[in-house]
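Just final27.cif here, mmCIF, C-alpha atoms:
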data_start
#
loop_
_atom_site.label_atom_id
_atom_site.label_comp_id
_atom_site.auth_asym_id
_atom_site.auth_seq_id
_atom_site.Cartn_x
_atom_site.Cartn_y
_atom_site.Cartn_z
CA MET A 28 0.00 0.00 0.00
CA ASN A 29 1.44 3.43 -0.95
CA ASP A 30 1.40 6.62 1.15
CA GLN A 31 -1.48 8.15 -0.80
CA GLN A 32 -3.74 5.15 -0.15
CA GLU A 33 -2.80 5.20 3.54
CA LYS A 34 -3.72 8.91 3.86
CA LYS A 35 -7.05 8.37 2.13
CA ARG A 36 -7.98 5.70 4.68
CA GLU A 37 -7.30 8.02 7.59
CA VAL A 38 -9.90 10.57 6.50
CA PRO A 39 -13.12 10.16 8.51
CA GLN A 40 -16.34 9.52 6.65
CA LEU A 41 -18.36 12.67 6.03
CA ALA A 42 -21.49 11.04 7.41
CA HIS A 43 -19.64 10.31 10.67
CA VAL A 44 -18.48 13.92 11.00
CA LEU A 45 -21.92 15.27 10.05
CA ALA A 46 -23.56 13.08 12.69
CA GLN A 47 -21.40 14.71 15.36
CA ILE A 48 -22.10 18.37 14.51
CA ASN A 49 -24.45 19.81 17.14
CA GLN A 50 -25.04 16.35 18.58
CA GLY A 51 -26.49 15.11 15.28
CA HIS A 52 -29.21 17.75 15.04
CA LEU A 53 -27.84 19.08 11.74
CA ALA A 54 -27.88 15.60 10.20
CA ASP A 55 -31.40 14.98 11.50
CA GLU A 56 -32.63 18.30 10.09
CA ALA A 57 -30.99 17.57 6.72
CA ALA A 58 -32.56 14.10 6.58
CA SER A 59 -36.01 15.48 7.40
CA MET A 60 -35.72 18.26 4.83
CA LEU A 61 -34.51 15.77 2.23
CA ALA A 62 -37.55 13.55 2.79
CA ASP A 63 -39.90 16.55 2.51
CA LEU A 64 -38.14 17.72 -0.65
CA VAL A 65 -38.41 14.27 -2.26
CA GLN A 66 -42.17 14.34 -1.66
CA GLU A 67 -42.50 17.82 -3.17
CA VAL A 68 -40.38 16.91 -6.20
CA THR A 69 -42.41 13.80 -6.91
CA ALA A 70 -45.72 15.62 -6.41
CA ILE A 71 -44.84 18.57 -8.64
CA GLY A 72 -42.61 16.76 -11.14
CA ARG A 73 -39.81 19.30 -11.11
CA LYS A 74 -36.40 19.41 -9.48
CA GLY A 75 -35.59 20.88 -6.09
CA THR A 76 -32.32 21.50 -4.27
CA LEU A 77 -30.99 20.66 -0.82
CA THR A 78 -27.95 22.66 0.22
CA LEU A 79 -25.78 21.68 3.16
CA THR A 80 -23.22 24.24 4.30
CA ILE A 81 -20.53 23.37 6.82
CA GLU A 82 -18.44 26.21 8.17
CA ILE A 83 -15.04 25.45 9.68
CA ALA A 84 -13.41 28.07 11.90
CA PRO A 85 -10.26 28.01 14.01
CA PHE A 86 -11.00 27.56 17.68
CA THR A 87 -9.50 30.42 19.67
CA GLY A 88 -6.82 29.40 22.13
CA ASN A 89 -6.01 26.00 20.66
CA ASN A 90 -4.11 25.62 17.39
CA ASP A 91 -5.07 21.94 17.07
CA THR A 92 -8.83 22.54 17.22
CA VAL A 93 -11.46 23.76 14.77
CA GLN A 94 -15.13 24.48 15.28
CA LEU A 95 -17.66 23.09 12.80
CA SER A 96 -21.10 24.54 12.37
CA GLY A 97 -23.62 23.93 9.68
CA LYS A 98 -26.91 24.82 8.16
CA VAL A 99 -29.20 23.17 5.69
CA ALA A 100 -31.60 24.82 3.25
CA ALA A 101 -34.10 23.43 0.79
CA LYS A 102 -35.30 25.05 -2.39
CA PRO A 103 -38.54 23.33 -3.34
CA PRO A 104 -39.54 22.90 -6.96
CA SER A 105 -41.39 25.81 -8.47
CA ARG A 106 -45.02 25.45 -9.36
CA ASP A 107 -46.63 26.84 -12.48
CA PRO A 108 -47.87 30.37 -11.92
CA HIS A 109 -51.60 30.80 -11.46
CA ALA A 110 -53.18 32.43 -14.50
CA GLY A 111 -56.53 33.75 -15.60
CA LEU A 112 -57.85 35.43 -18.74
CA PHE A 113 -59.25 38.92 -18.45
CA PHE A 114 -60.66 41.56 -20.75
CA TYR A 115 -59.36 45.09 -20.41
CA ASP A 116 -61.09 48.39 -21.08
CA GLU A 117 -59.75 51.69 -22.42
CA HIS A 118 -58.76 52.76 -18.89
CA GLY A 119 -56.79 49.59 -18.17
CA GLY A 120 -59.50 48.10 -15.98
CA LEU A 121 -59.71 44.31 -15.93
CA ASN A 122 -62.86 42.25 -16.07
CA ARG A 123 -63.71 38.59 -16.57
CA ASN A 124 -66.68 39.65 -18.75
CA ASP A 125 -66.18 41.25 -22.15
CA PRO A 126 -67.32 44.86 -21.72
CA ARG A 127 -68.03 45.08 -25.48
CA SER A 128 -70.55 42.25 -25.45
CA HIS A 129 -73.60 41.40 -23.42
CA GLY A 130 -72.57 37.86 -22.56
CA THR A 131 -69.87 36.25 -20.47
CA LEU A 132 -67.16 34.56 -22.44
CA PHE A 133 -65.37 32.98 -19.48
CA GLU A 134 -66.92 31.24 -16.57
CA THR A 135 -65.45 32.68 -13.41
CA GLN A 136 -63.58 30.09 -11.38
CA ASP A 137 -62.13 32.53 -8.88
#

Please, can you express the file's structure as structure tokens?
Amino acid sequence: MNDQQEKKREVPQLAHVLAQINQGHLADEAASMLADLVQEVTAIGRKGTLTLTIEIAPFTGNNDTVQLSGKVAAKPPSRDPHAGLFFYDEHGGLNRNDPRSHGTLFETQD
């Protein structure tokens, strides 16, 4: 085994480190948000994003120590915008009924 392979083995698994940040609360929050996001993505049929940020800062007073903190954010898939058809008059007013006719062209669903 060469030195590079030996160094790679010594690196702790990310999941193990993540499980130790804030007593595992960050990992639990990320897992919960991931499950919610999967449900939204499958319901809407569009992609979403889960972002995990881990901040590493030197720990004051000890050169051999760092402090890890993290946050997780989800961006759910976007839905189609709600739309409706309207007639407009010469003043820019909007109406579901055509002001130039006597009947209603669109049934109001609002």

- [ ] Given the file shown, enumerate the residues that the PyMOL selection byres ((chain A and resi 88-104) around 12) captures and present them as a ChimeraX atom specification.
- [x] /A:44-87,105-107

Store the residues picked out above, limited to C-alpha atoms, as an mmCIF file, keeping the file's coordinate frame.
data_model
loop_
_atom_site.group_PDB
_atom_site.id
_atom_site.type_symbol
_atom_site.label_atom_id
_atom_site.label_comp_id
_atom_site.auth_asym_id
_atom_site.auth_seq_id
_atom_site.Cartn_x
_atom_site.Cartn_y
_atom_site.Cartn_z
ATOM 1 C CA VAL A 44 -18.480 13.920 11.000
ATOM 2 C CA LEU A 45 -21.920 15.270 10.050
ATOM 3 C CA ALA A 46 -23.560 13.080 12.690
ATOM 4 C CA GLN A 47 -21.400 14.710 15.360
ATOM 5 C CA ILE A 48 -22.100 18.370 14.510
ATOM 6 C CA ASN A 49 -24.450 19.810 17.140
ATOM 7 C CA GLN A 50 -25.040 16.350 18.580
ATOM 8 C CA GLY A 51 -26.490 15.110 15.280
ATOM 9 C CA HIS A 52 -29.210 17.750 15.040
ATOM 10 C CA LEU A 53 -27.840 19.080 11.740
ATOM 11 C CA ALA A 54 -27.880 15.600 10.200
ATOM 12 C CA ASP A 55 -31.400 14.980 11.500
ATOM 13 C CA GLU A 56 -32.630 18.300 10.090
ATOM 14 C CA ALA A 57 -30.990 17.570 6.720
ATOM 15 C CA ALA A 58 -32.560 14.100 6.580
ATOM 16 C CA SER A 59 -36.010 15.480 7.400
ATOM 17 C CA MET A 60 -35.720 18.260 4.830
ATOM 18 C CA LEU A 61 -34.510 15.770 2.230
ATOM 19 C CA ALA A 62 -37.550 13.550 2.790
ATOM 20 C CA ASP A 63 -39.900 16.550 2.510
ATOM 21 C CA LEU A 64 -38.140 17.720 -0.650
ATOM 22 C CA VAL A 65 -38.410 14.270 -2.260
ATOM 23 C CA GLN A 66 -42.170 14.340 -1.660
ATOM 24 C CA GLU A 67 -42.500 17.820 -3.170
ATOM 25 C CA VAL A 68 -40.380 16.910 -6.200
ATOM 26 C CA THR A 69 -42.410 13.800 -6.910
ATOM 27 C CA ALA A 70 -45.720 15.620 -6.410
ATOM 28 C CA ILE A 71 -44.840 18.570 -8.640
ATOM 29 C CA GLY A 72 -42.610 16.760 -11.140
ATOM 30 C CA ARG A 73 -39.810 19.300 -11.110
ATOM 31 C CA LYS A 74 -36.400 19.410 -9.480
ATOM 32 C CA GLY A 75 -35.590 20.880 -6.090
ATOM 33 C CA THR A 76 -32.320 21.500 -4.270
ATOM 34 C CA LEU A 77 -30.990 20.660 -0.820
ATOM 35 C CA THR A 78 -27.950 22.660 0.220
ATOM 36 C CA LEU A 79 -25.780 21.680 3.160
ATOM 37 C CA THR A 80 -23.220 24.240 4.300
ATOM 38 C CA ILE A 81 -20.530 23.370 6.820
ATOM 39 C CA GLU A 82 -18.440 26.210 8.170
ATOM 40 C CA ILE A 83 -15.040 25.450 9.680
ATOM 41 C CA ALA A 84 -13.410 28.070 11.900
ATOM 42 C CA PRO A 85 -10.260 28.010 14.010
ATOM 43 C CA PHE A 86 -11.000 27.560 17.680
ATOM 44 C CA THR A 87 -9.500 30.420 19.670
ATOM 45 C CA SER A 105 -41.390 25.810 -8.470
ATOM 46 C CA ARG A 106 -45.020 25.450 -9.360
ATOM 47 C CA ASP A 107 -46.630 26.840 -12.480
#

Task: 9 Å contact set for segment 125-129 of chain A, only C-alpha atoms, chain neighbours under 5 positions out, as an NGL selection string - done: :A and (113-116)

Task: Separation of atom CA of Ala110 of chain A from atom CA of Asn122 of chain A in Å - done: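 Atom CA of Asn122 of chain A sits 13.9 Å away from atom CA of Ala110 of chain A.
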
Write segment 31-67 of chain A as a compact mmCIF listing (two decimals), in the frame of the given file, completed to N, CA and C atoms.
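Written file, part_18.txt:
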# COMPACT_ATOMS: atom_id res chain seq x y z
N GLN A 31 -0.24 7.49 -0.43
CA GLN A 31 -1.48 8.15 -0.80
C GLN A 31 -2.70 7.31 -0.39
N GLN A 32 -2.64 6.01 -0.57
CA GLN A 32 -3.74 5.15 -0.15
C GLN A 32 -3.88 5.15 1.38
N GLU A 33 -2.77 5.18 2.07
CA GLU A 33 -2.80 5.20 3.54
C GLU A 33 -3.46 6.49 4.05
N LYS A 34 -3.12 7.65 3.45
CA LYS A 34 -3.72 8.91 3.86
C LYS A 34 -5.22 8.92 3.59
N LYS A 35 -5.64 8.39 2.47
CA LYS A 35 -7.05 8.37 2.13
C LYS A 35 -7.85 7.57 3.16
N ARG A 36 -7.30 6.51 3.67
CA ARG A 36 -7.98 5.70 4.68
C ARG A 36 -8.16 6.44 6.00
N GLU A 37 -7.26 7.33 6.31
CA GLU A 37 -7.30 8.02 7.59
C GLU A 37 -8.36 9.11 7.65
N VAL A 38 -8.90 9.51 6.53
CA VAL A 38 -9.90 10.57 6.50
C VAL A 38 -11.23 10.01 7.00
N PRO A 39 -11.84 10.67 8.00
CA PRO A 39 -13.12 10.16 8.51
C PRO A 39 -14.23 10.33 7.48
N GLN A 40 -15.19 9.45 7.54
CA GLN A 40 -16.34 9.52 6.65
C GLN A 40 -17.13 10.80 6.94
N LEU A 41 -17.58 11.44 5.88
CA LEU A 41 -18.36 12.67 6.03
C LEU A 41 -19.61 12.44 6.87
N ALA A 42 -20.28 11.34 6.65
CA ALA A 42 -21.49 11.04 7.41
C ALA A 42 -21.19 10.96 8.91
N HIS A 43 -20.03 10.42 9.26
CA HIS A 43 -19.64 10.31 10.67
C HIS A 43 -19.41 11.71 11.26
N VAL A 44 -18.73 12.56 10.52
CA VAL A 44 -18.48 13.92 11.00
C VAL A 44 -19.80 14.68 11.11
N LEU A 45 -20.64 14.58 10.07
CA LEU A 45 -21.92 15.27 10.05
C LEU A 45 -22.79 14.86 11.24
N ALA A 46 -22.75 13.59 11.57
CA ALA A 46 -23.56 13.08 12.69
C ALA A 46 -23.10 13.63 14.04
N GLN A 47 -21.91 14.19 14.09
CA GLN A 47 -21.40 14.71 15.36
C GLN A 47 -21.56 16.22 15.50
N ILE A 48 -21.91 16.92 14.42
CA ILE A 48 -22.10 18.37 14.51
C ILE A 48 -23.40 18.64 15.26
N ASN A 49 -23.30 19.44 16.31
CA ASN A 49 -24.45 19.81 17.14
C ASN A 49 -25.22 18.57 17.60
N GLN A 50 -24.48 17.60 18.03
CA GLN A 50 -25.04 16.35 18.58
C GLN A 50 -25.99 15.65 17.60
N GLY A 51 -25.70 15.79 16.30
CA GLY A 51 -26.49 15.11 15.28
C GLY A 51 -27.73 15.85 14.82
N HIS A 52 -28.00 17.00 15.41
CA HIS A 52 -29.21 17.75 15.04
C HIS A 52 -29.16 18.24 13.60
N LEU A 53 -27.98 18.64 13.13
CA LEU A 53 -27.84 19.08 11.74
C LEU A 53 -28.15 17.94 10.78
N ALA A 54 -27.62 16.76 11.05
CA ALA A 54 -27.88 15.60 10.20
C ALA A 54 -29.36 15.22 10.23
N ASP A 55 -29.98 15.29 11.39
CA ASP A 55 -31.40 14.98 11.50
C ASP A 55 -32.25 15.98 10.71
N GLU A 56 -31.89 17.26 10.82
CA GLU A 56 -32.63 18.30 10.09
C GLU A 56 -32.46 18.10 8.58
N ALA A 57 -31.24 17.79 8.15
CA ALA A 57 -30.99 17.57 6.72
C ALA A 57 -31.79 16.37 6.21
N ALA A 58 -31.83 15.30 6.98
CA ALA A 58 -32.56 14.10 6.58
C ALA A 58 -34.06 14.38 6.46
N SER A 59 -34.60 15.13 7.42
CA SER A 59 -36.01 15.48 7.40
C SER A 59 -36.34 16.37 6.20
N MET A 60 -35.49 17.36 5.96
CA MET A 60 -35.72 18.26 4.83
C MET A 60 -35.58 17.53 3.51
N LEU A 61 -34.67 16.57 3.44
CA LEU A 61 -34.51 15.77 2.23
C LEU A 61 -35.77 14.96 1.94
N ALA A 62 -36.33 14.34 2.97
CA ALA A 62 -37.55 13.55 2.79
C ALA A 62 -38.71 14.43 2.32
N ASP A 63 -38.84 15.62 2.92
CA ASP A 63 -39.90 16.55 2.51
C ASP A 63 -39.70 16.99 1.06
N LEU A 64 -38.45 17.26 0.71
CA LEU A 64 -38.14 17.72 -0.65
C LEU A 64 -38.43 16.63 -1.68
N VAL A 65 -38.12 15.39 -1.36
CA VAL A 65 -38.41 14.27 -2.26
C VAL A 65 -39.92 14.20 -2.52
N GLN A 66 -40.72 14.37 -1.48
CA GLN A 66 -42.17 14.34 -1.66
C GLN A 66 -42.66 15.48 -2.55
N GLU A 67 -42.10 16.68 -2.34
CA GLU A 67 -42.50 17.82 -3.17
C GLU A 67 -42.09 17.63 -4.63
